[in-house]
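Asker: CSV, C-alpha atoms and all ligand atoms, saved as protein.csv, coming up:
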```csv
chain,number,residue,atom,x,y,z
A,1,MET,CA,-12.9,-8.0,-32.2
A,2,GLY,CA,-9.9,-6.3,-30.6
A,3,ARG,CA,-9.9,-5.0,-27.1
A,4,VAL,CA,-12.6,-2.4,-26.3
A,5,PHE,CA,-12.5,0.4,-23.8
A,6,ASN,CA,-14.7,-1.1,-21.0
A,7,PHE,CA,-16.2,1.6,-18.7
A,8,ALA,CA,-18.2,-0.9,-16.6
A,9,ALA,CA,-18.6,-0.1,-12.9
A,10,GLY,CA,-17.6,-3.6,-11.8
A,11,PRO,CA,-16.4,-6.2,-12.6
A,12,ALA,CA,-14.3,-3.7,-14.5
A,13,THR,CA,-11.4,-3.2,-16.9
A,14,MET,CA,-8.1,-4.6,-15.8
A,15,PRO,CA,-4.5,-3.5,-16.7
A,16,GLU,CA,-3.4,-5.3,-19.9
A,17,PRO,CA,0.1,-6.3,-18.6
A,18,VAL,CA,-1.7,-8.1,-15.7
A,19,LEU,CA,-3.9,-10.0,-18.1
A,20,SER,CA,-1.0,-11.2,-20.1
A,21,ARG,CA,0.9,-12.2,-16.9
A,22,ILE,CA,-2.1,-14.3,-15.9
A,23,ARG,CA,-2.2,-16.0,-19.3
A,24,ASP,CA,1.4,-16.9,-18.9
A,25,ASP,CA,1.0,-18.2,-15.3
A,26,ILE,CA,-2.1,-20.3,-15.9
A,27,PRO,CA,-0.3,-23.4,-17.2
A,28,ASP,CA,2.8,-23.3,-15.0
A,29,TRP,CA,3.3,-21.0,-12.1
A,30,ARG,CA,7.0,-20.0,-11.8
A,31,GLY,CA,8.3,-23.4,-12.9
A,32,THR,CA,6.5,-25.3,-10.2
A,33,GLY,CA,4.9,-27.5,-12.8
A,34,MET,CA,1.5,-26.5,-11.3
A,35,SER,CA,-1.0,-24.0,-12.4
A,36,ILE,CA,-1.7,-21.1,-10.1
A,37,LEU,CA,-5.2,-22.6,-9.8
A,38,GLU,CA,-3.7,-25.8,-8.4
A,39,LEU,CA,-1.5,-24.4,-5.6
A,40,PRO,CA,-2.6,-25.6,-2.2
A,41,PHE,CA,-3.5,-22.6,0.0
A,42,THR,CA,-1.5,-24.0,2.9
A,43,GLY,CA,1.6,-24.6,0.9
A,44,ARG,CA,4.8,-22.4,1.0
A,45,GLU,CA,4.3,-21.1,-2.6
A,46,PHE,CA,0.8,-19.7,-1.9
A,47,ARG,CA,1.7,-18.4,1.5
A,48,GLU,CA,4.6,-16.4,0.0
A,49,LEU,CA,2.4,-15.1,-2.7
A,50,ALA,CA,-0.2,-13.9,-0.2
A,51,GLU,CA,2.4,-12.4,2.0
A,52,LYS,CA,3.9,-10.5,-0.9
A,53,ALA,CA,0.4,-9.2,-2.0
A,54,GLU,CA,-0.2,-8.0,1.6
A,55,ALA,CA,3.2,-6.3,1.9
A,56,ASP,CA,2.8,-4.6,-1.5
A,57,LEU,CA,-0.7,-3.4,-0.5
A,58,ARG,CA,0.7,-2.1,2.8
A,59,ARG,CA,3.3,-0.2,0.9
A,60,LEU,CA,0.8,1.3,-1.5
A,61,LEU,CA,-1.5,2.4,1.3
A,62,GLY,CA,1.3,3.5,3.6
A,63,ALA,CA,-0.6,1.6,6.3
A,64,PRO,CA,0.9,1.8,9.8
A,65,ALA,CA,2.1,-1.4,11.5
A,66,ASN,CA,-0.8,-1.5,13.9
A,67,TYR,CA,-3.2,-2.1,11.0
A,68,LYS,CA,-4.1,-5.6,9.8
A,69,ILE,CA,-4.7,-6.2,6.1
A,70,LEU,CA,-7.2,-9.0,5.5
A,71,PHE,CA,-8.3,-10.8,2.3
A,72,LEU,CA,-11.9,-12.0,2.9
A,73,HIS,CA,-14.9,-13.6,1.2
A,74,GLY,CA,-18.3,-12.1,0.4
A,75,GLY,CA,-17.5,-8.8,-1.2
A,76,ALA,CA,-18.4,-5.5,0.3
A,77,ARG,CA,-21.9,-6.5,1.1
A,78,ALA,CA,-20.6,-9.1,3.6
A,79,GLN,CA,-18.8,-6.3,5.2
A,80,PHE,CA,-22.1,-4.4,5.7
A,81,ALA,CA,-22.8,-7.1,8.3
A,82,THR,CA,-19.3,-8.0,9.3
A,83,VAL,CA,-18.6,-4.4,10.4
A,84,PRO,CA,-21.5,-4.2,13.0
A,85,LEU,CA,-20.9,-7.8,14.1
A,86,ASN,CA,-17.2,-7.0,14.8
A,87,LEU,CA,-17.2,-3.4,15.9
A,88,LEU,CA,-20.4,-2.9,17.9
A,89,ALA,CA,-18.8,-4.5,21.0
A,90,GLY,CA,-22.0,-4.5,22.9
A,91,ARG,CA,-22.7,-0.8,22.2
A,92,GLY,CA,-25.8,-1.2,20.1
A,93,ARG,CA,-25.6,2.2,18.3
A,94,ALA,CA,-23.7,3.3,15.2
A,95,ASP,CA,-23.5,6.5,13.0
A,96,TYR,CA,-24.1,6.2,9.2
A,97,VAL,CA,-23.8,9.0,6.7
A,98,GLU,CA,-26.4,8.5,4.0
A,99,THR,CA,-24.9,9.6,0.7
A,100,GLY,CA,-26.6,7.4,-1.9
A,101,TYR,CA,-27.4,3.9,-3.1
A,102,TRP,CA,-24.6,2.1,-1.4
A,103,ALA,CA,-24.8,3.9,1.9
A,104,ARG,CA,-28.5,3.1,2.0
A,105,ARG,CA,-27.7,-0.6,1.5
A,106,ALA,CA,-25.1,-0.5,4.3
A,107,ILE,CA,-27.7,1.2,6.6
A,108,GLY,CA,-30.3,-1.4,5.8
A,109,GLU,CA,-28.0,-4.3,6.7
A,110,ALA,CA,-26.7,-2.5,9.9
A,111,GLU,CA,-30.3,-2.0,11.1
A,112,ARG,CA,-30.5,-5.8,11.6
A,113,TYR,CA,-27.8,-5.5,14.2
A,114,CYS,CA,-28.1,-2.1,15.9
A,115,GLN,CA,-29.8,1.2,16.1
A,116,VAL,CA,-28.6,3.3,13.2
A,117,ASN,CA,-28.2,7.1,13.7
A,118,VAL,CA,-28.2,8.7,10.3
A,119,ALA,CA,-25.7,11.4,11.2
A,120,ALA,CA,-26.2,13.3,7.9
A,121,SER,CA,-28.1,12.6,4.6
A,122,GLY,CA,-27.9,13.7,1.0
A,123,ALA,CA,-31.4,12.5,0.4
A,124,ALA,CA,-33.0,16.0,0.3
A,125,SER,CA,-30.6,16.9,-2.6
A,126,GLY,CA,-31.4,13.7,-4.5
A,127,PHE,CA,-27.9,12.5,-3.4
A,128,SER,CA,-26.2,15.1,-5.6
A,129,ARG,CA,-24.0,16.3,-2.7
A,130,ILE,CA,-22.0,14.9,0.2
A,131,PRO,CA,-23.3,16.7,3.3
A,132,PRO,CA,-20.4,18.9,4.6
A,133,GLN,CA,-19.3,18.0,8.1
A,134,SER,CA,-20.9,21.2,9.6
A,135,GLU,CA,-24.3,19.5,9.0
A,136,TRP,CA,-23.5,16.2,10.7
A,137,GLN,CA,-25.1,15.2,14.0
A,138,LEU,CA,-22.8,12.6,15.4
A,139,ASP,CA,-23.8,10.4,18.3
A,140,PRO,CA,-20.9,10.4,20.9
A,141,GLY,CA,-22.0,6.9,22.1
A,142,ALA,CA,-21.8,5.4,18.6
A,143,ALA,CA,-19.6,2.3,18.3
A,144,TYR,CA,-18.3,3.6,14.9
A,145,CYS,CA,-19.2,6.0,12.1
A,146,HIS,CA,-19.7,4.6,8.6
A,147,ILE,CA,-19.2,6.5,5.4
A,148,THR,CA,-19.2,5.5,1.7
A,149,ALA,CA,-16.1,7.1,0.3
A,150,ASN,CA,-17.4,7.0,-3.3
A,151,GLU,CA,-21.0,6.4,-4.3
A,152,THR,CA,-20.6,4.2,-7.4
A,153,VAL,CA,-24.3,4.7,-8.5
A,154,ASP,CA,-24.8,8.3,-7.7
A,155,GLY,CA,-21.4,9.7,-8.8
A,156,VAL,CA,-20.5,11.6,-5.7
A,157,GLU,CA,-17.3,11.2,-3.7
A,158,PHE,CA,-15.9,12.4,-0.4
A,159,HIS,CA,-13.0,14.8,-1.0
A,160,PHE,CA,-12.4,15.2,2.7
A,161,VAL,CA,-11.8,12.9,5.7
A,162,PRO,CA,-14.4,13.6,8.4
A,163,GLU,CA,-13.4,14.2,12.0
A,164,THR,CA,-15.1,11.7,14.3
A,165,GLY,CA,-13.1,12.1,17.5
A,166,ASN,CA,-12.8,8.9,19.5
A,167,VAL,CA,-15.5,7.2,17.4
A,168,PRO,CA,-13.7,5.0,14.8
A,169,LEU,CA,-14.3,6.0,11.3
A,170,VAL,CA,-15.3,3.1,8.9
A,171,ALA,CA,-15.2,3.6,5.2
A,172,ASP,CA,-16.5,1.6,2.3
A,173,MET,CA,-13.9,2.4,-0.3
A,174,THR,CA,-15.0,-0.2,-2.8
A,175,SER,CA,-15.1,2.1,-5.8
A,176,ASN,CA,-12.2,4.5,-5.1
A,177,PHE,CA,-9.7,2.2,-3.3
A,178,LEU,CA,-6.1,2.9,-4.3
A,179,SER,CA,-7.2,5.8,-6.5
A,180,ARG,CA,-5.7,8.5,-4.3
A,181,PRO,CA,-3.5,8.8,-1.2
A,182,VAL,CA,-5.3,8.1,2.0
A,183,ASP,CA,-4.1,8.7,5.5
A,184,VAL,CA,-5.0,5.2,6.9
A,185,SER,CA,-4.4,6.3,10.5
A,186,ARG,CA,-7.5,8.5,10.3
A,187,PHE,CA,-9.7,5.4,9.9
A,188,GLY,CA,-10.6,2.5,12.2
A,189,LEU,CA,-11.5,0.2,9.3
A,190,ILE,CA,-11.5,0.5,5.5
A,191,PHE,CA,-13.1,-2.1,3.3
A,192,ALA,CA,-13.3,-2.6,-0.5
A,193,SER,CA,-14.6,-5.3,-2.8
A,194,ALA,CA,-11.9,-6.1,-5.4
A,195,GLN,CA,-13.9,-6.0,-8.6
A,196,LYS,CA,-14.1,-2.2,-9.0
A,197,ASN,CA,-10.7,-0.8,-8.7
A,198,ILE,CA,-8.4,-3.8,-8.1
A,199,GLY,CA,-9.2,-7.0,-9.9
A,200,PRO,CA,-11.5,-10.0,-10.0
A,201,ALA,CA,-14.8,-10.4,-8.1
A,202,GLY,CA,-15.1,-12.6,-5.1
A,203,LEU,CA,-12.6,-10.9,-2.8
A,204,ALA,CA,-12.9,-8.2,-0.2
A,205,ILE,CA,-10.0,-6.3,1.4
A,206,VAL,CA,-10.2,-5.1,5.0
A,207,VAL,CA,-7.7,-2.8,6.6
A,208,VAL,CA,-8.4,-2.6,10.3
A,209,ARG,CA,-6.8,-1.1,13.4
A,210,GLU,CA,-5.6,-3.9,15.7
A,211,ASP,CA,-7.2,-2.6,18.9
A,212,LEU,CA,-10.7,-2.9,17.3
A,213,LEU,CA,-10.3,-6.6,16.9
A,214,GLY,CA,-11.4,-9.3,19.4
A,215,LYS,CA,-14.8,-7.9,20.4
A,216,ALA,CA,-17.0,-9.7,17.8
A,217,HIS,CA,-20.5,-10.7,18.7
A,218,PRO,CA,-20.5,-14.4,19.9
A,219,LEU,CA,-22.8,-15.4,17.0
A,220,THR,CA,-20.4,-14.0,14.3
A,221,PRO,CA,-19.6,-16.7,11.8
A,222,THR,CA,-15.9,-17.5,12.3
A,223,VAL,CA,-15.1,-16.8,8.7
A,224,PHE,CA,-16.3,-13.2,9.3
A,225,ASP,CA,-14.6,-12.8,12.7
A,226,LEU,CA,-11.9,-10.3,11.8
A,227,LYS,CA,-9.7,-11.4,14.7
A,228,ALA,CA,-9.9,-15.1,13.7
A,229,GLN,CA,-9.0,-14.2,10.1
A,230,ALA,CA,-6.2,-11.8,11.3
A,231,ASP,CA,-4.7,-14.5,13.6
A,232,ASN,CA,-4.7,-16.9,10.6
A,233,GLY,CA,-3.2,-14.5,8.1
A,234,SER,CA,-6.6,-14.6,6.2
A,235,LEU,CA,-6.2,-18.3,5.8
A,236,TYR,CA,-8.7,-19.5,8.4
A,237,ASN,CA,-10.4,-21.4,5.6
A,238,THR,CA,-9.6,-21.7,1.9
A,239,PRO,CA,-9.5,-18.2,0.5
A,240,ASN,CA,-10.1,-17.1,-3.1
A,241,THR,CA,-6.6,-18.0,-4.1
A,242,PHE,CA,-6.9,-16.9,-7.7
A,243,ALA,CA,-8.3,-13.5,-6.8
A,244,ILE,CA,-5.5,-12.9,-4.3
A,245,TYR,CA,-3.0,-13.8,-6.9
A,246,VAL,CA,-4.5,-11.4,-9.4
A,247,ALA,CA,-4.8,-8.7,-6.8
A,248,GLY,CA,-1.1,-9.2,-6.1
A,249,LEU,CA,-0.3,-8.7,-9.7
A,250,VAL,CA,-2.4,-5.5,-9.8
A,251,PHE,CA,-0.5,-4.2,-6.7
A,252,GLU,CA,2.8,-4.8,-8.4
A,253,TRP,CA,1.5,-3.0,-11.5
A,254,LEU,CA,0.4,-0.1,-9.4
A,255,LEU,CA,3.8,0.2,-7.6
A,256,GLY,CA,5.4,0.1,-11.1
A,257,GLN,CA,3.2,3.0,-12.2
A,258,GLY,CA,4.2,5.2,-9.3
A,259,GLY,CA,1.7,4.1,-6.7
A,260,VAL,CA,-1.4,6.0,-5.5
A,261,ALA,CA,0.0,9.5,-6.0
A,262,ALA,CA,0.4,8.7,-9.7
A,263,MET,CA,-3.1,7.2,-9.8
A,264,GLU,CA,-4.5,10.4,-8.4
A,265,ARG,CA,-2.7,12.5,-11.0
A,266,ALA,CA,-4.0,10.2,-13.7
A,267,SER,CA,-7.6,10.2,-12.4
A,268,LEU,CA,-7.7,14.0,-12.0
A,269,ARG,CA,-6.6,14.2,-15.7
A,270,LYS,CA,-9.1,11.7,-16.9
A,271,SER,CA,-12.0,13.0,-14.9
A,272,SER,CA,-11.3,16.7,-15.8
A,273,ARG,CA,-11.3,15.8,-19.5
A,274,LEU,CA,-14.6,14.1,-19.2
A,275,TYR,CA,-16.4,16.6,-16.9
A,276,GLY,CA,-14.9,19.3,-19.2
A,277,VAL,CA,-16.9,17.9,-22.2
A,278,ILE,CA,-20.0,17.6,-20.0
A,279,ASP,CA,-19.7,21.2,-18.7
A,280,ALA,CA,-19.1,22.6,-22.2
A,281,HIS,CA,-22.3,21.0,-23.7
A,282,PRO,CA,-25.7,21.7,-22.1
A,283,PHE,CA,-26.6,18.6,-24.1
A,284,TYR,CA,-25.1,16.6,-21.1
A,285,ARG,CA,-26.4,17.1,-17.6
A,286,VAL,CA,-24.5,16.0,-14.4
A,287,LYS,CA,-26.4,15.8,-11.2
A,288,ALA,CA,-23.5,15.8,-8.7
A,289,ALA,CA,-22.5,19.2,-7.2
A,290,PRO,CA,-19.1,20.3,-8.6
A,291,GLU,CA,-17.3,20.0,-5.3
A,292,CYS,CA,-18.6,16.4,-4.8
A,293,ARG,CA,-18.1,14.9,-8.2
A,294,SER,CA,-16.7,11.5,-8.3
A,295,ARG,CA,-13.4,11.0,-10.1
A,296,MET,CA,-14.2,7.3,-10.4
A,297,ASN,CA,-17.8,7.1,-11.6
A,298,ALA,CA,-19.0,10.1,-13.7
A,299,CYS,CA,-22.8,9.9,-13.8
A,300,PHE,CA,-24.8,12.1,-16.2
A,301,ALA,CA,-27.9,12.2,-18.4
A,302,LEU,CA,-28.6,13.5,-21.9
A,303,ALA,CA,-30.8,16.6,-22.0
A,304,ASP,CA,-33.0,14.5,-24.3
A,305,PRO,CA,-33.3,11.0,-22.6
A,306,ALA,CA,-34.8,9.6,-25.8
A,307,LEU,CA,-31.3,9.8,-27.4
A,308,GLU,CA,-29.8,7.5,-24.7
A,309,THR,CA,-30.2,4.2,-26.5
A,310,ARG,CA,-28.7,5.7,-29.6
A,311,PHE,CA,-25.8,7.2,-27.6
A,312,LEU,CA,-25.1,3.7,-26.1
A,313,SER,CA,-25.2,1.8,-29.4
A,314,GLU,CA,-23.1,4.4,-31.3
A,315,ALA,CA,-20.6,4.4,-28.5
A,316,ALA,CA,-20.4,0.6,-28.6
A,317,ALA,CA,-19.8,0.7,-32.3
A,318,HIS,CA,-16.8,2.9,-31.5
A,319,GLY,CA,-15.5,0.2,-29.0
A,320,LEU,CA,-16.7,2.2,-26.0
A,321,VAL,CA,-18.8,-0.2,-24.0
A,322,ASN,CA,-20.7,-0.6,-20.7
A,323,LEU,CA,-21.7,3.0,-20.4
A,324,ALA,CA,-25.3,2.5,-19.2
A,325,GLY,CA,-26.1,4.0,-15.8
A,326,HIS,CA,-27.2,1.8,-12.9
A,327,ARG,CA,-30.7,0.3,-13.5
A,328,THR,CA,-32.1,2.4,-10.6
A,329,THR,CA,-30.9,5.8,-12.1
A,330,GLY,CA,-30.7,5.3,-15.8
A,331,GLY,CA,-28.6,7.8,-17.8
A,332,ILE,CA,-24.9,7.3,-18.5
A,333,ARG,CA,-22.2,6.2,-16.2
A,334,VAL,CA,-18.5,6.3,-17.0
A,335,SER,CA,-16.2,4.4,-14.7
A,336,LEU,CA,-12.7,5.7,-14.7
A,337,TYR,CA,-10.8,3.3,-12.5
A,338,ASN,CA,-7.0,3.0,-12.3
A,339,ALA,CA,-6.8,0.5,-15.2
A,340,MET,CA,-8.7,2.8,-17.6
A,341,PRO,CA,-6.0,4.3,-19.8
A,342,HIS,CA,-6.2,8.0,-20.7
A,343,ALA,CA,-6.6,7.0,-24.4
A,344,GLY,CA,-10.0,5.4,-23.5
A,345,VAL,CA,-11.2,8.7,-21.9
A,346,GLU,CA,-9.9,10.7,-24.9
A,347,ALA,CA,-11.8,8.5,-27.3
A,348,LEU,CA,-14.9,8.8,-25.3
A,349,ALA,CA,-14.6,12.6,-24.9
A,350,GLN,CA,-14.2,13.0,-28.7
A,351,PHE,CA,-17.2,10.7,-29.3
A,352,MET,CA,-19.3,12.7,-26.8
A,353,GLU,CA,-18.3,16.1,-28.5
A,354,ASP,CA,-19.2,14.7,-31.9
A,355,PHE,CA,-22.5,13.2,-30.7
A,356,ALA,CA,-23.5,16.5,-29.1
A,357,TYR,CA,-22.8,18.4,-32.4
A,358,ARG,CA,-24.7,15.9,-34.4
A,359,HIS,CA,-27.8,15.7,-32.1
A,360,GLY,CA,-27.6,18.9,-30.1
B,1,LIG,C1,-20.2,-2.5,-5.7
B,1,LIG,C2,-20.2,-1.8,-4.4
B,1,LIG,C3,-20.6,-2.6,-3.2
B,1,LIG,C4,-21.1,-4.0,-3.3
B,1,LIG,O1,-20.0,-4.9,-3.6
B,1,LIG,P1,-20.2,-6.5,-3.6
B,1,LIG,O2,-18.8,-7.0,-3.9
B,1,LIG,O3,-21.2,-6.8,-4.7
B,1,LIG,O4,-20.7,-6.9,-2.3
B,1,LIG,C5,-20.6,-1.9,-2.0
B,1,LIG,N1,-20.3,-0.7,-1.9
B,1,LIG,C6,-19.9,0.1,-3.0
B,1,LIG,C7,-19.4,1.5,-2.8
B,1,LIG,C8,-19.8,-0.5,-4.2
B,1,LIG,O5,-19.4,0.2,-5.3
```
Before we go any further, please render this structure as structure tokens.
Ligand SMILES: *Cc1c(COP(=O)(O)O)cnc(C)c1O
Answerer:
Amino acid sequence: MGRVFNFAAGPATMPEPVLSRIRDDIPDWRGTGMSILELPFTGREFRELAEKAEADLRRLLGAPANYKILFLHGGARAQFATVPLNLLAGRGRADYVETGYWARRAIGEAERYCQVNVAASGAASGFSRIPPQSEWQLDPGAAYCHITANETVDGVEFHFVPETGNVPLVADMTSNFLSRPVDVSRFGLIFASAQKNIGPAGLAIVVVREDLLGKAHPLTPTVFDLKAQADNGSLYNTPNTFAIYVAGLVFEWLLGQGGVAAMERASLRKSSRLYGVIDAHPFYRVKAAPECRSRMNACFALADPALETRFLSEAAAHGLVNLAGHRTTGGIRVSLYNAMPHAGVEALAQFMEDFAYRHG
């Protein structure tokens, strides 16, 4: 079988040039006579590789010098605990905006460490909209305010950066990281798992303002103490060297493509093509309010849910795979990350038009 168009939510499709680079590097990394998998993490070669990955990511993000960029373990869910452990600084209260499945999981974890103020919630709308800031009730004594920039399961995305005054804004950008320009200086901390929009699973990226470091709870495991990791260039213990290497290749690929501005243009084009088909056919139903629709994860249902299995199997026969919605929501989910080429979206859009004509 040739390569398919993989619309999985994560681990997800990767850029083909990156995959062939990996294939070439596996036996012998840059003439060292060693595989990339065999490089010691404390050696000069790996350190240079990690520094280059960090510098390229800093360039892509336009992150100011007073922000640390860390490569950590445990994915985004470790950050659900790491954030309160590092940022509460004895305060005991934090704001969370409840926008869907992942925000709820972040809240559940944070409640183990502090009193959570749900500053706003989309629950009443079935998480079909991001509550506008005019509805938020922020706690001025909160240690930070946490948002989920893109809800991977519910298909809603923040298209604005909230104003939280002196309270540091924390964002889980796991599923829309590097998909659009972001003014990093508006955030205290940004985190993202790598397996959605960057590369392989098993790596989390944290971008944090320096002045927020150094106040971790004394029982914080040292591997999750952001200051300890920052002081050691993310090499406090053996990191996921292979994942950092692959992420570095993806950063190079992104820079070559024109960076995050180019990614935003591409994702606007891909998502409009897809939502255009959905809006033109009452056969497809999207829950997300138009102004909150995710450009990364388009979630919709068929008007006749009995046709879903057929939709998925016919799509797979066309080389369009991993389109099933999250197990909690059902329906269809189309993930349109940076590495998904427009051709994949075009093929899917044509399949959807044809399927609607045949079954509508
Ligand atoms: C996938 C996802 C997570 C969980 O990531 P893990 O790497 O499995 O911990 C958290 N938040 C969002 C928004 C996600 O999409």
Asker: Kindly indicate which residue among A:Val97, A:Leu60, A:Ala201, A:Ala110 lies nearest to ligand LIG 1 (chain B), using only C-alpha atoms and all ligand atoms for the distances.
Answerer: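 Using only C-alpha atoms and all ligand atoms, the shortest distance to ligand LIG 1 (chain B) belongs to A:Ala201.
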Asker: Counting only C-alpha atoms and all ligand atoms, what are the residues, protein, DNA or RNA alike, that approach ligand LIG 1 (chain B) to within 7 Å? I want them as a ChimeraX atom specification.
Answerer: /A:10,74-78,102,148,150-152,172-175,193,195-196,201-202
Asker: Could you dump the residues just selected with C-alpha atoms as a short mmCIF file (atom, residue, chain, number, x, y, z; two decimals), in the coordinates of the input?
Answerer:
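File written: result_10.cif
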```
data_model
loop_
_atom_site.label_atom_id
_atom_site.label_comp_id
_atom_site.auth_asym_id
_atom_site.auth_seq_id
_atom_site.Cartn_x
_atom_site.Cartn_y
_atom_site.Cartn_z
CA GLY A 10 -17.60 -3.60 -11.80
CA GLY A 74 -18.30 -12.10 0.40
CA GLY A 75 -17.50 -8.80 -1.20
CA ALA A 76 -18.40 -5.50 0.30
CA ARG A 77 -21.90 -6.50 1.10
CA ALA A 78 -20.60 -9.10 3.60
CA TRP A 102 -24.60 2.10 -1.40
CA THR A 148 -19.20 5.50 1.70
CA ASN A 150 -17.40 7.00 -3.30
CA GLU A 151 -21.00 6.40 -4.30
CA THR A 152 -20.60 4.20 -7.40
CA ASP A 172 -16.50 1.60 2.30
CA MET A 173 -13.90 2.40 -0.30
CA THR A 174 -15.00 -0.20 -2.80
CA SER A 175 -15.10 2.10 -5.80
CA SER A 193 -14.60 -5.30 -2.80
CA GLN A 195 -13.90 -6.00 -8.60
CA LYS A 196 -14.10 -2.20 -9.00
CA ALA A 201 -14.80 -10.40 -8.10
CA GLY A 202 -15.10 -12.60 -5.10
#
```
Asker: Quick one: of A:Ala120, A:Val167, A:Val83, A:Ile22, who's nearest to Glu98 in chain A, counting all atoms listed in the file?
Answerer: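 Closest to Glu98 in chain A, using all atoms listed in the file: A:Ala120.
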Asker: Write out as a count of residues only each polymer residue whose atoms come within 12 Å of range 275-282 of chain A, counting only C-alpha atoms; drop sequence neighbours fewer than 4 positions from it.
Answerer: 42
Asker: Report, in Å to a single decimal, how far apart CA of Thr222 in chain A and CA of Ala94 in chain A are.
Answerer: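 For CA of Ala94 in chain A relative to CA of Thr222 in chain A, the distance reads 22.4 Å.
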Asker: List the neighbours of Cys145 in chain A out to 12 Å using only C-alpha atoms; skip same-chain residues closer than 4 positions along the sequence, and give me the result as number ranges by chain.
Answerer: A: 83-84, 87-88, 93-98, 103, 106-107, 110, 116-120, 136-141, 161-172, 187-190
Asker: What's the separation between CA of Ser125 in chain A and CA of Leu323 in chain A, in Å to one decimal place?
Answerer: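 Atom-to-atom, CA of Ser125 in chain A and CA of Leu323 in chain A are spaced 24.3 Å apart.
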Asker: CA of Ala63 in chain A and CA of Cys114 in chain A, how far apart in Å?
Answerer: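 Between these atoms lies a distance of 29.4 Å.
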Asker: So which one's closest to Gln257 in chain A, A:Ile130, A:Ile36, A:Ala339, A:Ala12? Using all atoms listed in the file, please.
Answerer: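 Ranked by minimum distance to Gln257 in chain A, first place goes to A:Ala339.
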Asker: Neighbours of Asp25 in chain A within 7 Å (all atoms listed in the file; same-chain residues fewer than 4 positions away dropped), as a VMD selection string?
Answerer: chain A and resid 21 29 35 to 36
Asker: Using all atoms listed in the file, which of the listed residues (A:Glu54, A:Asp225, A:Glu314, A:Asp24) sits closest to Ile205 in chain A?
Answerer: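 Using all atoms listed in the file, the shortest distance to Ile205 in chain A belongs to A:Glu54.
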Asker: Would you mind telling me which residue in A:Ala266, A:Ala124, A:Val4, A:Leu85 lies nearest to His342 in chain A when using only C-alpha atoms?
Answerer: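 Smallest distance to His342 in chain A is found for A:Ala266.
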Asker: List every residue of range 31-120 of chain A that has an atom at most 8 Å from any atom of range 207-213 of chain A, and for each one report the closest atom pair and its distance in Å to one decimal, counting all atoms listed in the file, with rows sorted by chain and then by increasing residue number, as a tab-separated table.
Answerer:
```
residue	atom	partner	partner_atom	distance
A:Asn66	CA	A:Glu210	CA	5.7
A:Tyr67	CA	A:Arg209	CA	4.4
A:Lys68	CA	A:Val208	CA	5.3
A:Ile69	CA	A:Val207	CA	4.6
A:Leu70	CA	A:Val207	CA	6.3
A:Asn86	CA	A:Leu213	CA	7.2
A:Leu87	CA	A:Leu212	CA	6.7
```
